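Reading through the structure tokens given below for one structure.
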Amino acid sequence: MKRTLQDYKSVIEPVWCPGCGDFGILISLQRALMNLDIAPENIVTVSGIGCSGRLSHFMNTYSLHGTHGRAVPTALGAKAAHPELTVFAVGGDGDGLGIGGGHISHASRKNVDFTYLLIDNQIYGLTKGQTSPTSPFGVKTKTSPHGVFEDTLSAIPIFLAYDVSFVARANGVDTKSLTEILMEAISHKGMSIVYILSPCRTFPLLDAKGLKAILQPLPEDHPRGDKLVAMERAYSDTPIYTGIFYQVQKPTLEDRLQGVIKAVCDKTNGGKKYSLDKVLKSFA
Amino acid sequence: MDNLKNHSEVDFAIRIGGEGGEGVISAGELFAQVAARTAYHVFTYITYPAEIKGGFSMIQIRIRDGDIYSMGSLVDYLIAFNQQAYDQTIKDLKEGGTLIYDPDEVQLGNDLKATCYPIPLTKLVTEATGSKLGKNVVALGTLGHLFGVEFGVLEQLIKDRYGAKGSDVIKNNLAALKAGYLAGEENKWEHKFQLEADLEAKEHYMLISGNEAVALGAIAAGCRFVAGYPITPATPIFETLTDLMPKVGGRAIQLEDEIASLSACIGASFAGEKAITPTSGPGLQLMGEQLNLASMLELPLVIVDVQRGGPSTGLPTKTEQSDLKFAIYGTAGEAPRVILAPSSVGDCFYQTIRAFNIAERMQMPVIILTDQSIGYRKATVRIPDLTKIIEVDSSKPDAEISIPSPEKIEIATRMLADPEKLNGYKRYLDTVDGVSPITSPGLEGGQYLSGGLEHDETGKASSFPENHLKMMRKRFKKLETLSDILEKNPPEHEGPDEAKIGVIGWGSTEGAIREARLLAEKRGILFRHLHPKVLSPLPERQVRNFLSGLKQVIIVEENFTGQFAHFIKAKFGIKPIEIHKSEGVPITPEEIFNGVEKVARIVDEKNIARL
């Protein structure tokens, strides 16, 4: 029996503010999973703290709403332990680029085969409007009443520099394109980041109309394997490109772990796993 | 305990001291290996500087024809590589003991009541190899000769140890070994003890450190996931597990910090795996937020804290028992967890298995508190009989799962929800014992939300006052359940019932307290000794039974403020005398005995009832 959207929706009704971009992201994710026909019981959704952190509540998956900034290493643990699962990390700009920013590069080095939805609304929305790492220079927020004086963090070039094996930017309001990008990200073997711009209606630094005006899909012939072209387009601010900037194939964490298991067992035990007896006797 | 002997034919200690980087510890460990191949038991104690090279470094090896409980107090043999080693440790050489020293490096003091054997380590190694490296191997040769070890045995050890480093390294080391051995032979030194290989004994014993014992315990418990970040003195657990995990088909991952390490363990446990992370105090502190989360999500996992001297960076390479309060209480809000404290190298193996059993069954994080002294201590441990390892069915009641011991090792797994009855499944169902059946990814219909926000029985976030109280009760009920189980265990104290003094200790001090008790007994002072392995929750009735009839309680611990004493005082309202040692080195049987003796005098003279 074909799965329906309903199969991916939990019994909990979303609590975001009316008009929040996160609604579109939630439905796009559920639709992507439905299109790929992935069984809900084989999905783990780990989220951090913030408005976007609530996303895991609304998914009928094995969902873990963890601590601030730690969605990436938590999801890594689930995927490493059970590689057959489809695993998501979800978090916002504060969660992923502020408090948890240090984890991305290391998950990337391991090329953990999961999809990270980094949802950027340029503000700390849940705590009611404080400056985030992506708040535009000069805007007034509750913790920058005289205007933000720091430079704005550019996420895509960072992910490219970290060598994340799949890097995309998407407009959260454009659910059709987002669903397509998510389907590619989920199907990608390795770590995929989908960096999603999501308007906040309550503290509106981004709005749907404004987004539409500044965003433009990457050219049809954009070479996904060319990091320098990707980097150049990642830095462009007029237009701001959406789509898949970069995609390469390299061994996943699981490939690497299996490689170690095979190498050590081949070399020292004729290809077999060690028994507990053999382990203990090696200390005699 | 059964073959606790007060008199022993063979019981002596050797200490080698020198500069960090001179190979003092590796020479000592090789010698300990020789000793472990005899019928005797071996126990080592290591102290090393935090610097990579330089600073004072030493290893003490105690050899006895029975169980060994501590490193002992004074040594019978002292090998001093340099003046600093001599100056710092000559006070610990027994009267009439043997001093082996490098005459080109060490100036002897006056009134030395010891047999002194000069051996020019630097000169010998330079003559033998043309290099100053390898003084330690010369010393190993000398020691080997002194204890009648066959040269071939030593030669094989060197080949095993340095084989991977190429033939030149082996050649030089063997030349150094020979020089040391011959020096002993030529000088006709007195042989007091003979260390003869006993191959049968070797077969049944491992010479392992406490850190290795924890790693092996985790493997035996069925843990196949470790995530960690290097930190002294816990690193050897992680190193051992990163080596062993792939061999048994498990996964070992080094993360970018301790927060990420515990996060990964949470993810792995959520996915259904038994997970462990080894760390030390500063790492445990970083893990606080995720420890909190694991408790709130009710996920089983094991954290090992090999305690070191604090606060802050403190004394990374020295021992202390000073993370207890943080382990019991340290988190935002109130989050139940269990604290275990193994008391010997062998116990590290069994308590680690027990930690997994408790974590799986009580669905909460278990923190194992060891310390540098037990982590780096090596001891001969009998290889457990693998036929005694049984995985127990998840329906077996918690109260019937035995404490892992050489006689029987039961391996518990988590209590899974019935796949046939998932309709209306509530992950956080409020049950009689507080433990709710769990599901893991892959099980259709078992999906649930697990969150750090306060939640109701289904997992849905809820901040209603009555719900918060209900769920706090539910989570803490699991500690009561465990405490009730602990009450039914055999009492964890030893010593005569008629004793009026009771000594309470925890963790690595067990051996020293036990030896102090035997020493006191010889001098006519009796005391009872309580050494709980589970520190929190405590089986309160058992502790009260221990306390009843005592006139004075002494609490011994290696920290500055008396952390366990605070805990005991708050729980039982007693006024103990506290012995704290906060110097970065383990407390000795003599130090404990001296304290007990003073207390005994007061109890005797004034006949006071302090309790």
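In the structure tokens, chains take the letters A, B, ... in the order shown, each chain's residues start at 1, and ligands count up from 1 in the order shown.
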
Go through region 46-130 of chain A and collect every residue that DSSP, computed from the backbone, puts in strand (DSSP E); the answer should be as a list in words.
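These are the residues in question: Val46, Ser47, Tyr62, Ser63, Leu64, His65, Thr86, Val87, Phe88, Ala89, Val90, Gly91, Gly92, Thr115, Tyr116, Leu117, Leu118, Ile119, Asp120, Ile123, Tyr124 and Gln130 of chain A.
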
Check: which chain B residues lie within 6 Å of chain A using only C-alpha atoms, as a PyMOL selection string:
chain B and resi 205-206+246-248+260+263-265+267-268+271+441-444+447-452

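Separating CA of Glu480 (chain B) from CA of Ser405 (chain B) is a distance of 23.8 Å.
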
Neighbours of Pro532 (chain B) within 10 Å (only C-alpha atoms; same-chain residues fewer than 5 positions away dropped), as a PyMOL selection string?
chain B and resi 340-343+491-493+504-507+510+538-539+542-543

Keeping only C-alpha atoms, write those residues as an mmCIF file, in the first residue's frame.
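What ended up in out.cif:
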```cif
data_model
loop_
_atom_site.group_PDB
_atom_site.id
_atom_site.type_symbol
_atom_site.label_atom_id
_atom_site.label_comp_id
_atom_site.auth_asym_id
_atom_site.auth_seq_id
_atom_site.Cartn_x
_atom_site.Cartn_y
_atom_site.Cartn_z
ATOM 1 C CA LEU B 340 29.179 3.238 40.677
ATOM 2 C CA ALA B 341 32.679 3.131 42.135
ATOM 3 C CA PRO B 342 34.818 0.050 41.413
ATOM 4 C CA SER B 343 37.311 -0.685 44.152
ATOM 5 C CA PRO B 491 26.111 -6.517 52.871
ATOM 6 C CA GLU B 492 29.191 -4.749 51.573
ATOM 7 C CA HIS B 493 31.126 -4.632 54.805
ATOM 8 C CA ILE B 504 33.622 3.964 55.314
ATOM 9 C CA GLY B 505 35.467 4.407 52.054
ATOM 10 C CA TRP B 506 34.670 4.306 48.366
ATOM 11 C CA GLY B 507 36.407 3.455 45.132
ATOM 12 C CA GLU B 510 39.387 -0.229 49.418
ATOM 13 C CA LEU B 538 22.649 3.985 48.566
ATOM 14 C CA PRO B 539 20.889 1.024 50.163
ATOM 15 C CA GLN B 542 22.121 -1.683 54.823
ATOM 16 C CA VAL B 543 24.117 1.396 55.733
#
```

I'd like the contact shell of Ser344 (chain B) - 7 Å cut-off, only C-alpha atoms, skipping same-chain residues fewer than 2 positions apart - returned as a list of chain:residue names.
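Once the nearby chain positions are removed, what remains is B:Pro342, B:Gly346, B:Asp347, B:Cys348, B:Ile374, B:Ser508.
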
For Glu334 (chain B), work out the shell of residues within 10 Å, counting only C-alpha atoms and skipping chain neighbours fewer than 4 positions away, then give it as a PyMOL selection string.
chain B and resi 292+295-296+328-330+472+475-476

Two-atom distance - CA of Gln156 (chain B), CA of Asp67 (chain B) (Å):
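According to the coordinates, CA of Gln156 (chain B) and CA of Asp67 (chain B) are separated by 27.4 Å.
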
Run DSSP on the backbone and grab whatever in region 188-399 of chain B lands in helix (DSSP H, G or I); send it over as a ChimeraX atom specification.
/B:199-204,210-220,235-247,258-270,281-286,288-297,324-329,345-362,372-376,386-388,398-399

If we count only C-alpha atoms and set the cut-off at 9 Å, which residues sit around region 309-314 of chain B, ignoring sequence neighbours fewer than 5 positions away in its own chain? Please answer as JSON, numbers by chain.
{"B": [281, 282, 319, 320, 321, 322, 323, 372, 559, 582, 583, 584]}

With only C-alpha atoms as the counted atoms, please give the residues lying no more than 10 Å from Leu199 (chain B), apart from itself and same-chain residues fewer than 6 positions off, as a PDB file with C-alpha atoms, in the first residue's frame.
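To be explicit, this is the file written out as result-v4.pdb:
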```pdb
ATOM      1  CA  ARG B  37      54.292 -14.884  34.664  1.00  0.00           C
ATOM      2  CA  THR B  38      55.102 -16.395  38.034  1.00  0.00           C
ATOM      3  CA  ALA B  39      52.684 -17.887  40.517  1.00  0.00           C
TER       4      ALA B  39
END
```

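We find CA of Ile68 (chain B) and CA of Gly222 (chain B) to be spaced 29.3 Å apart.
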
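Distances from A:Pro199, A:Glu220, A:Leu205, A:Gly53 to Val15 (chain A) were compared using only C-alpha atoms, and the smallest one belongs to A:Gly53.
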